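Encoded as structure tokens, the structure appears first; notes follow it.
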Amino acid sequence: MPSPLPASASLDPHLSVTVRHPVDAVVAASLSRRFARESGLSAASSAEVAVVVSELATNLVRHTRVGGTVELWREDCWLCIRARDRGPGMAEPERLFLGREGRPGPLPGESLGEGGAAVRRLTDEVRVSNREGGGLEVFARKRMKLEASKPW
């Protein structure tokens, strides 16, 4: 039986997931949690990354016709997350992070509208902008507070 690869050999420095269907959002969240964990984040921080990616990926499916892409990579002491699409964009992109603030509760079949606010709470920095040519880009990053490896 071949010997297993060292942990560093199996860790791709970049994760990219195409999101077109609801199941893709689930896959993106799961892969992002694993990517964060393998990058050295704690279980709790990795779960937060998965929530952020789930919210962003779900928005790609819900608000665009063609979906988009979620990417993760490490940069210095940061875990970076970017979601991009070719949807209609937003007249006021910064409203993405307000949640339902000032709006009535959701109607049946609507989302709660709190995903953007959750992304803001669970990351250290986040920004959103309309893309040239159409679509939206959300960039977020989370400081990597590495967990000491346990001998067991």
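Ordering of the structure tokens sets the chain letters (A, B, ...), residue numbers begin anew at 1 in every chain, and ligands are numbered from 1 in the order given.
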Find the residues near region 62-72 of chain A: any atom within 8 Å, counting only C-alpha atoms, skip ones fewer than 5 places away on the same chain, and give them as a VMD selection string. chain A and resid 14 to 21 28 32 53 56 to 57 79 to 88
Neighbour list for Arg33 (chain A) as number ranges by chain, cut-off 7 Å, only C-alpha atoms, skip fewer than 5 positions in-chain: A: 46-47, 49-50
Option closest in space to Glu48 (chain A), from A:Val23, A:Leu31, A:Cys77, A:Ala118 [counting only C-alpha atoms]: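 Comparing A:Val23, A:Leu31, A:Cys77, A:Ala118 against Glu48 (chain A), the winner is A:Ala118.
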